[in-house]
There are 2 protein chains.
Amino acid sequence: MALEHAILVSLLERPGSGYELARRFERSIGRFWTATHQQIYRVLRRMEADGWVTAEEIGQDGRPDKRSFSVAGEGLAVLAEWLRAPVQAEAVRHELAVKIRGAAFTDDAGRAALIGEVERYRADHETLLSTYLNGEKRDFPDLDGRDAGQRLQHVVLRGGIAYERMLLDWLDDVLDTLRAL
Amino acid sequence: MALEHAILVSLLERPGSGYELARRFERSIGRFWTATHQQIYRVLRRMEADGWVTAEEIGQDGRPDKRSFSVAGEGLAVLAEWLRAPVQAEAVRHELAVKIRGAAFTDDAGRAALIGEVERYRADHETLLSTYLNGEKRDFPDLDGRDAGQRLQHVVLRGGIAYERMLLDWLDDVLDTLRAL
DNA sequence: TGGGAATATGCAATTAGTTGCACAGCAACG
DNA sequence: CGTTGCTGTGCAACTAATTGCATATTCCCA
């Protein structure tokens, strides 16, 4: 429904090929909107056919050629319209929360396994928080300054940081609760 | 991928019809795993065919009959296996974050509209936080006590509360940032 | 010169989920 | 007795997304 829009935003921040987009969707913007490279290529083709983006063949030394995409006027108009529309209620899918409630219906071994899983999950998110904090130091060193795009990317990153901190605290709560059962 | 599992957990907490499940998926467990009634009926049929759940016709006074589902032994085994498996990386789809980054590429009117949207979104989540807090007071009045299921449902709800609080703080940050552009 | 790794793009089959519609039972209200 | 509204179940068409596979270019290293 909105992969198109995420791609428009990413291409406006910096034009690039499908491959480059796929890499971004594993890193920066991908933290807030995930997609596989197959899905990205398919949507890009449709967007190009609809005139939202234009492609340019770029010959490269030392690596295969690529098709770099940029946002066309039509794409900018679509984005503006989408920005004005109400934020859709998000389809929440929080597997871990369901698993925790499911822990009431398994045995001790199952609960022990879940505790292990939560610990692993917690470690992953501790790493992710570090990544965010390093990225913040690297990309947004001065407190304000910069252009609008920088400040907006920064506030979104701050959201990611706040989320990860909240999550880590909650996971400690979860682990305490599971261990005390 | 895991709607089946969410249904199993919900039916173990309390057996019920497709309609009742659909209502729960708009409220309690639905905060962590959403689904429409059509999707629920379809999955229930498959789960019944696979022997994960069993149905019982229940005649009712003053309202239409219903088919109430309960988890069978096979379903319990499937759940136990799922609980032991690693937590899948979640497919994040945070539309608002993308819109905020997109705000760099629109005009003042577009940004003003987005500010209005963020305010509406914030109000909705303030309401949701109240709902959570009321639910907590109603369903989990004593600090510990109760059975494992109650304590696990409570810790998941605490996660929802922590999330909403974090979100509200962040939305204030977002509004400040958007207004200062 | 052969193999692995990164870059770069895509097809095909399938599954999951959404959207729109339909229809029946029953109650309450006017 | 007709309409509205909640309860209860479902079909059909479509879209979005996942999964598994395929393939070419180019570099680097053994």
# chains A, B, ... in the order shown; residues from 1 in each chain; ligands from 1
call {"tool": "interface_residues", "arguments": {"of": "chain C", "to": "chain B", "cutoff": "9 Å", "atoms": "only C-alpha atoms (C1' of nucleotides)", "output": "mmCIF file with C-alpha atoms (C1' of nucleotides), in the first residue's frame"}}
result
data_model
loop_
_atom_site.group_PDB
_atom_site.id
_atom_site.type_symbol
_atom_site.label_atom_id
_atom_site.label_comp_id
_atom_site.auth_asym_id
_atom_site.auth_seq_id
_atom_site.Cartn_x
_atom_site.Cartn_y
_atom_site.Cartn_z
ATOM 1 C "C1'" DT C 15 0.654 -17.523 0.523
ATOM 2 C "C1'" DA C 16 -1.327 -13.977 3.269
ATOM 3 C "C1'" DG C 17 -4.170 -10.333 3.660
ATOM 4 C "C1'" DT C 18 -7.582 -6.760 2.037
ATOM 5 C "C1'" DA C 24 -29.623 -15.006 7.778
ATOM 6 C "C1'" DG C 25 -31.287 -14.785 12.882
ATOM 7 C "C1'" DC C 26 -33.085 -12.101 16.345
ATOM 8 C "C1'" DA C 27 -34.249 -7.850 19.284
#
call {"tool": "closest_atom_pairs", "arguments": {"of": "chain D", "to": "chain A", "cutoff": "9 Å", "atoms": "only C-alpha atoms (C1' of nucleotides)", "output": "tab-separated table"}}
result
residue	atom	partner	partner_atom	distance
D:DT15	C1'	A:Met1	CA	8.7
D:DA16	C1'	A:Met1	CA	7.5
D:DA17	C1'	A:Gln39	CA	7.4
D:DT18	C1'	A:Thr36	CA	8.6
D:DA24	C1'	A:Pro64	CA	8.5
D:DT25	C1'	A:Pro64	CA	4.8
D:DT26	C1'	A:Arg63	CA	5.0
D:DC27	C1'	A:Gly62	CA	6.9
call {"tool": "interface_residues", "arguments": {"of": "chain A", "to": "chain B", "cutoff": "8 Å", "atoms": "only C-alpha atoms", "output": "number ranges by chain"}}
result
A: 2, 5-6, 9, 12, 29-34, 76, 79-80, 83-84, 86-88, 90-106, 110, 113-114, 117, 121, 148-149, 151-153, 155-156, 158-159, 162-163, 166-167, 170, 173-174, 177-178, 181
call {"tool": "atom_distance", "arguments": {"atom1": "CA of Pro15 (chain A)", "atom2": "CA of Leu133 (chain A)"}}
result
25.7 Å
call {"tool": "atom_distance", "arguments": {"atom1": "CA of Tyr41 (chain B)", "atom2": "CA of Ala22 (chain B)"}}
result
8.8 Å
call {"tool": "select_by_dssp", "arguments": {"residues": "region 6-68 of chain A", "states": "strand (DSSP E or B)", "output": "list in words"}}
result
Gly16, Ser17, Trp33, Val53, Thr54, Ala55, Glu56, Glu57, Ile58, Lys66, Arg67 and Ser68 of chain A
call {"tool": "select_by_dssp", "arguments": {"residues": "region 44-125 of chain A", "states": "alpha helix (DSSP H)", "output": "mmCIF file with N, CA, C and O atoms, in the first residue's frame"}}
result
data_model
loop_
_atom_site.group_PDB
_atom_site.id
_atom_site.type_symbol
_atom_site.label_atom_id
_atom_site.label_comp_id
_atom_site.auth_asym_id
_atom_site.auth_seq_id
_atom_site.Cartn_x
_atom_site.Cartn_y
_atom_site.Cartn_z
ATOM 1 N N LEU A 44 9.146 -0.789 -8.637
ATOM 2 C CA LEU A 44 9.853 0.222 -9.427
ATOM 3 C C LEU A 44 9.398 0.184 -10.888
ATOM 4 O O LEU A 44 9.225 1.232 -11.510
ATOM 5 N N ARG A 45 9.211 -1.026 -11.416
ATOM 6 C CA ARG A 45 8.775 -1.140 -12.806
ATOM 7 C C ARG A 45 7.408 -0.484 -12.994
ATOM 8 O O ARG A 45 7.173 0.230 -13.952
ATOM 9 N N ARG A 46 6.514 -0.755 -12.029
ATOM 10 C CA ARG A 46 5.181 -0.151 -12.128
ATOM 11 C C ARG A 46 5.265 1.371 -12.001
ATOM 12 O O ARG A 46 4.608 2.113 -12.731
ATOM 13 N N MET A 47 6.096 1.824 -11.078
ATOM 14 C CA MET A 47 6.230 3.263 -10.869
ATOM 15 C C MET A 47 6.805 3.936 -12.110
ATOM 16 O O MET A 47 6.392 5.047 -12.470
ATOM 17 N N GLU A 48 7.741 3.247 -12.762
ATOM 18 C CA GLU A 48 8.314 3.809 -13.987
ATOM 19 C C GLU A 48 7.245 3.861 -15.086
ATOM 20 O O GLU A 48 7.113 4.868 -15.776
ATOM 21 N N ALA A 49 6.464 2.774 -15.199
ATOM 22 C CA ALA A 49 5.407 2.725 -16.216
ATOM 23 C C ALA A 49 4.377 3.825 -15.975
ATOM 24 O O ALA A 49 3.822 4.396 -16.921
ATOM 25 N N GLY A 73 8.076 14.525 -11.773
ATOM 26 C CA GLY A 73 7.062 15.447 -11.254
ATOM 27 C C GLY A 73 5.799 14.736 -10.792
ATOM 28 O O GLY A 73 5.235 15.035 -9.731
ATOM 29 N N GLU A 74 5.387 13.753 -11.584
ATOM 30 C CA GLU A 74 4.202 12.958 -11.234
ATOM 31 C C GLU A 74 4.381 12.277 -9.872
ATOM 32 O O GLU A 74 3.457 12.258 -9.043
ATOM 33 N N GLY A 75 5.565 11.757 -9.645
ATOM 34 C CA GLY A 75 5.840 11.082 -8.374
ATOM 35 C C GLY A 75 5.783 12.045 -7.213
ATOM 36 O O GLY A 75 5.273 11.722 -6.127
ATOM 37 N N LEU A 76 6.298 13.248 -7.448
ATOM 38 C CA LEU A 76 6.267 14.265 -6.394
ATOM 39 C C LEU A 76 4.827 14.622 -6.042
ATOM 40 O O LEU A 76 4.482 14.798 -4.866
ATOM 41 N N ALA A 77 3.970 14.691 -7.066
ATOM 42 C CA ALA A 77 2.560 15.016 -6.829
ATOM 43 C C ALA A 77 1.885 13.899 -6.030
ATOM 44 O O ALA A 77 1.113 14.157 -5.098
ATOM 45 N N VAL A 78 2.187 12.660 -6.389
ATOM 46 C CA VAL A 78 1.620 11.513 -5.672
ATOM 47 C C VAL A 78 2.044 11.556 -4.214
ATOM 48 O O VAL A 78 1.231 11.321 -3.304
ATOM 49 N N LEU A 79 3.306 11.857 -3.993
ATOM 50 C CA LEU A 79 3.808 11.916 -2.619
ATOM 51 C C LEU A 79 3.091 13.001 -1.822
ATOM 52 O O LEU A 79 2.673 12.780 -0.675
ATOM 53 N N ALA A 80 2.927 14.175 -2.444
ATOM 54 C CA ALA A 80 2.263 15.288 -1.754
ATOM 55 C C ALA A 80 0.839 14.911 -1.360
ATOM 56 O O ALA A 80 0.381 15.204 -0.249
ATOM 57 N N GLU A 81 0.166 14.218 -2.271
ATOM 58 C CA GLU A 81 -1.206 13.791 -1.992
ATOM 59 C C GLU A 81 -1.242 12.797 -0.838
ATOM 60 O O GLU A 81 -2.087 12.881 0.062
ATOM 61 N N TRP A 82 -0.307 11.872 -0.851
ATOM 62 C CA TRP A 82 -0.242 10.853 0.204
ATOM 63 C C TRP A 82 0.041 11.504 1.558
ATOM 64 O O TRP A 82 -0.523 11.120 2.578
ATOM 65 N N LEU A 83 0.909 12.522 1.555
ATOM 66 C CA LEU A 83 1.248 13.180 2.815
ATOM 67 C C LEU A 83 0.030 13.878 3.417
ATOM 68 O O LEU A 83 -0.104 13.969 4.634
ATOM 69 N N ARG A 84 -0.863 14.346 2.553
ATOM 70 C CA ARG A 84 -2.058 15.037 3.045
ATOM 71 C C ARG A 84 -3.115 14.073 3.566
ATOM 72 O O ARG A 84 -3.957 14.447 4.377
ATOM 73 N N GLU A 95 4.806 -10.585 17.100
ATOM 74 C CA GLU A 95 4.878 -12.015 17.382
ATOM 75 C C GLU A 95 5.266 -12.305 18.826
ATOM 76 O O GLU A 95 4.679 -13.184 19.478
ATOM 77 N N LEU A 96 6.252 -11.576 19.334
ATOM 78 C CA LEU A 96 6.746 -11.878 20.676
ATOM 79 C C LEU A 96 5.646 -11.736 21.723
ATOM 80 O O LEU A 96 5.544 -12.554 22.650
ATOM 81 N N ALA A 97 4.813 -10.719 21.582
ATOM 82 C CA ALA A 97 3.727 -10.515 22.551
ATOM 83 C C ALA A 97 2.790 -11.717 22.561
ATOM 84 O O ALA A 97 2.343 -12.166 23.619
ATOM 85 N N VAL A 98 2.499 -12.261 21.389
ATOM 86 C CA VAL A 98 1.628 -13.427 21.307
ATOM 87 C C VAL A 98 2.308 -14.630 21.955
ATOM 88 O O VAL A 98 1.688 -15.390 22.701
ATOM 89 N N LYS A 99 3.597 -14.777 21.683
ATOM 90 C CA LYS A 99 4.334 -15.901 22.278
ATOM 91 C C LYS A 99 4.322 -15.829 23.794
ATOM 92 O O LYS A 99 4.204 -16.854 24.482
ATOM 93 N N ILE A 100 4.471 -14.631 24.319
ATOM 94 C CA ILE A 100 4.508 -14.496 25.783
ATOM 95 C C ILE A 100 3.165 -14.929 26.368
ATOM 96 O O ILE A 100 3.114 -15.662 27.354
ATOM 97 N N ARG A 101 2.076 -14.495 25.756
ATOM 98 C CA ARG A 101 0.777 -14.946 26.253
ATOM 99 C C ARG A 101 0.611 -16.445 26.054
ATOM 100 O O ARG A 101 -0.024 -17.130 26.857
ATOM 101 N N GLY A 102 1.228 -16.968 25.006
ATOM 102 C CA GLY A 102 1.164 -18.405 24.757
ATOM 103 C C GLY A 102 1.942 -19.221 25.783
ATOM 104 O O GLY A 102 1.674 -20.409 25.972
ATOM 105 N N ASP A 108 7.417 -26.390 31.495
ATOM 106 C CA ASP A 108 8.613 -25.705 31.974
ATOM 107 C C ASP A 108 9.694 -25.627 30.900
ATOM 108 O O ASP A 108 10.346 -24.594 30.744
ATOM 109 N N ALA A 109 9.856 -26.728 30.177
ATOM 110 C CA ALA A 109 10.882 -26.743 29.129
ATOM 111 C C ALA A 109 10.560 -25.702 28.061
ATOM 112 O O ALA A 109 11.448 -24.981 27.595
ATOM 113 N N GLY A 110 9.299 -25.614 27.697
ATOM 114 C CA GLY A 110 8.886 -24.633 26.710
ATOM 115 C C GLY A 110 9.131 -23.216 27.198
ATOM 116 O O GLY A 110 9.600 -22.359 26.453
ATOM 117 N N ARG A 111 8.820 -22.997 28.467
ATOM 118 C CA ARG A 111 9.040 -21.649 29.024
ATOM 119 C C ARG A 111 10.520 -21.320 29.085
ATOM 120 O O ARG A 111 10.928 -20.188 28.790
ATOM 121 N N ALA A 112 11.331 -22.332 29.442
ATOM 122 C CA ALA A 112 12.786 -22.106 29.485
ATOM 123 C C ALA A 112 13.300 -21.739 28.098
ATOM 124 O O ALA A 112 14.125 -20.833 27.942
ATOM 125 N N ALA A 113 12.781 -22.441 27.070
ATOM 126 C CA ALA A 113 13.189 -22.131 25.701
ATOM 127 C C ALA A 113 12.791 -20.704 25.339
ATOM 128 O O ALA A 113 13.555 -19.972 24.706
ATOM 129 N N LEU A 114 11.600 -20.299 25.758
ATOM 130 C CA LEU A 114 11.142 -18.951 25.437
ATOM 131 C C LEU A 114 12.021 -17.901 26.117
ATOM 132 O O LEU A 114 12.361 -16.881 25.511
ATOM 133 N N ILE A 115 12.401 -18.183 27.358
ATOM 134 C CA ILE A 115 13.303 -17.259 28.056
ATOM 135 C C ILE A 115 14.592 -17.095 27.253
ATOM 136 O O ILE A 115 15.076 -15.977 27.054
ATOM 137 N N GLY A 116 15.116 -18.209 26.754
ATOM 138 C CA GLY A 116 16.321 -18.137 25.924
ATOM 139 C C GLY A 116 16.097 -17.283 24.692
ATOM 140 O O GLY A 116 16.947 -16.466 24.315
ATOM 141 N N GLU A 117 14.954 -17.455 24.079
ATOM 142 C CA GLU A 117 14.618 -16.686 22.887
ATOM 143 C C GLU A 117 14.514 -15.192 23.198
ATOM 144 O O GLU A 117 14.982 -14.350 22.442
ATOM 145 N N VAL A 118 13.884 -14.871 24.319
ATOM 146 C CA VAL A 118 13.734 -13.466 24.700
ATOM 147 C C VAL A 118 15.109 -12.853 24.956
ATOM 148 O O VAL A 118 15.372 -11.715 24.572
ATOM 149 N N GLU A 119 15.989 -13.648 25.565
ATOM 150 C CA GLU A 119 17.341 -13.142 25.813
ATOM 151 C C GLU A 119 18.068 -12.853 24.505
ATOM 152 O O GLU A 119 18.735 -11.831 24.367
ATOM 153 N N ARG A 120 17.915 -13.757 23.542
ATOM 154 C CA ARG A 120 18.551 -13.551 22.248
ATOM 155 C C ARG A 120 17.971 -12.310 21.566
ATOM 156 O O ARG A 120 18.695 -11.466 21.037
ATOM 157 N N TYR A 121 16.668 -12.202 21.619
ATOM 158 C CA TYR A 121 15.974 -11.054 21.032
ATOM 159 C C TYR A 121 16.452 -9.759 21.675
ATOM 160 O O TYR A 121 16.720 -8.763 21.000
ATOM 161 N N ARG A 122 16.604 -9.815 23.006
ATOM 162 C CA ARG A 122 17.067 -8.636 23.734
ATOM 163 C C ARG A 122 18.475 -8.251 23.290
ATOM 164 O O ARG A 122 18.769 -7.068 23.074
ATOM 165 N N ALA A 123 19.331 -9.231 23.136
ATOM 166 C CA ALA A 123 20.711 -8.957 22.711
ATOM 167 C C ALA A 123 20.718 -8.315 21.321
ATOM 168 O O ALA A 123 21.461 -7.360 21.070
ATOM 169 N N ASP A 124 19.886 -8.845 20.426
ATOM 170 C CA ASP A 124 19.794 -8.264 19.082
ATOM 171 C C ASP A 124 19.401 -6.791 19.147
ATOM 172 O O ASP A 124 19.934 -5.960 18.411
ATOM 173 N N HIS A 125 18.449 -6.485 20.005
ATOM 174 C CA HIS A 125 17.974 -5.104 20.059
ATOM 175 C C HIS A 125 18.945 -4.199 20.803
ATOM 176 O O HIS A 125 18.981 -2.999 20.561
#
call {"tool": "residues_around", "arguments": {"residues": "DA30 (chain D)", "least_positions_apart": "5", "cutoff": "12 Å", "atoms": "only C-alpha atoms (C1' of nucleotides)", "output": "count of residues only"}}
result
4
call {"tool": "residues_around", "arguments": {"residues": "DG20 (chain C)", "least_positions_apart": "5", "cutoff": "12 Å", "atoms": "only C-alpha atoms (C1' of nucleotides)", "output": "ChimeraX atom specification"}}
result
/B:38 /D:11-14
call {"tool": "write_last_selection", "arguments": {"atoms": "N, CA, C and O atoms (P, O5', C5', C4', C3', O3' and C1' of nucleotides)", "output": "PDB file, in the first residue's frame"}}
result
ATOM      1  N   GLN B  38     -13.099 -12.070   8.020  1.00  0.00           N
ATOM      2  CA  GLN B  38     -12.998 -12.965   6.862  1.00  0.00           C
ATOM      3  C   GLN B  38     -11.766 -13.861   6.961  1.00  0.00           C
ATOM      4  O   GLN B  38     -11.824 -15.064   6.726  1.00  0.00           O
TER       5      GLN B  38
ATOM      6  P    DC D  11     -17.260 -20.113   2.130  1.00  0.00           P
ATOM      7  O5'  DC D  11     -17.602 -19.246   0.831  1.00  0.00           O
ATOM      8  C5'  DC D  11     -18.949 -19.080   0.425  1.00  0.00           C
ATOM      9  C4'  DC D  11     -19.009 -18.100  -0.746  1.00  0.00           C
ATOM     10  C3'  DC D  11     -17.880 -18.288  -1.759  1.00  0.00           C
ATOM     11  O3'  DC D  11     -18.433 -18.143  -3.066  1.00  0.00           O
ATOM     12  C1'  DC D  11     -17.789 -16.087  -0.864  1.00  0.00           C
ATOM     13  P    DA D  12     -17.551 -18.518  -4.348  1.00  0.00           P
ATOM     14  O5'  DA D  12     -16.982 -17.098  -4.790  1.00  0.00           O
ATOM     15  C5'  DA D  12     -17.856 -15.972  -4.788  1.00  0.00           C
ATOM     16  C4'  DA D  12     -17.141 -14.793  -5.420  1.00  0.00           C
ATOM     17  C3'  DA D  12     -16.001 -15.189  -6.361  1.00  0.00           C
ATOM     18  O3'  DA D  12     -16.043 -14.296  -7.461  1.00  0.00           O
ATOM     19  C1'  DA D  12     -15.139 -13.870  -4.588  1.00  0.00           C
ATOM     20  P    DA D  13     -15.006 -14.433  -8.671  1.00  0.00           P
ATOM     21  O5'  DA D  13     -14.124 -13.115  -8.476  1.00  0.00           O
ATOM     22  C5'  DA D  13     -14.791 -11.903  -8.132  1.00  0.00           C
ATOM     23  C4'  DA D  13     -13.752 -10.828  -7.881  1.00  0.00           C
ATOM     24  C3'  DA D  13     -12.526 -10.935  -8.786  1.00  0.00           C
ATOM     25  O3'  DA D  13     -12.231  -9.636  -9.259  1.00  0.00           O
ATOM     26  C1'  DA D  13     -11.852 -10.922  -6.524  1.00  0.00           C
ATOM     27  P    DC D  14     -10.993  -9.378 -10.257  1.00  0.00           P
ATOM     28  O5'  DC D  14      -9.911  -8.779  -9.256  1.00  0.00           O
ATOM     29  C5'  DC D  14     -10.303  -7.699  -8.387  1.00  0.00           C
ATOM     30  C4'  DC D  14      -9.254  -7.518  -7.336  1.00  0.00           C
ATOM     31  C3'  DC D  14      -7.837  -7.343  -7.891  1.00  0.00           C
ATOM     32  O3'  DC D  14      -7.503  -5.969  -7.717  1.00  0.00           O
ATOM     33  C1'  DC D  14      -7.910  -8.710  -5.913  1.00  0.00           C
TER      34       DC D  14
END
call {"tool": "atom_distance", "arguments": {"atom1": "CA of Glu4 (chain B)", "atom2": "CA of Val71 (chain B)"}}
result
11.2 Å
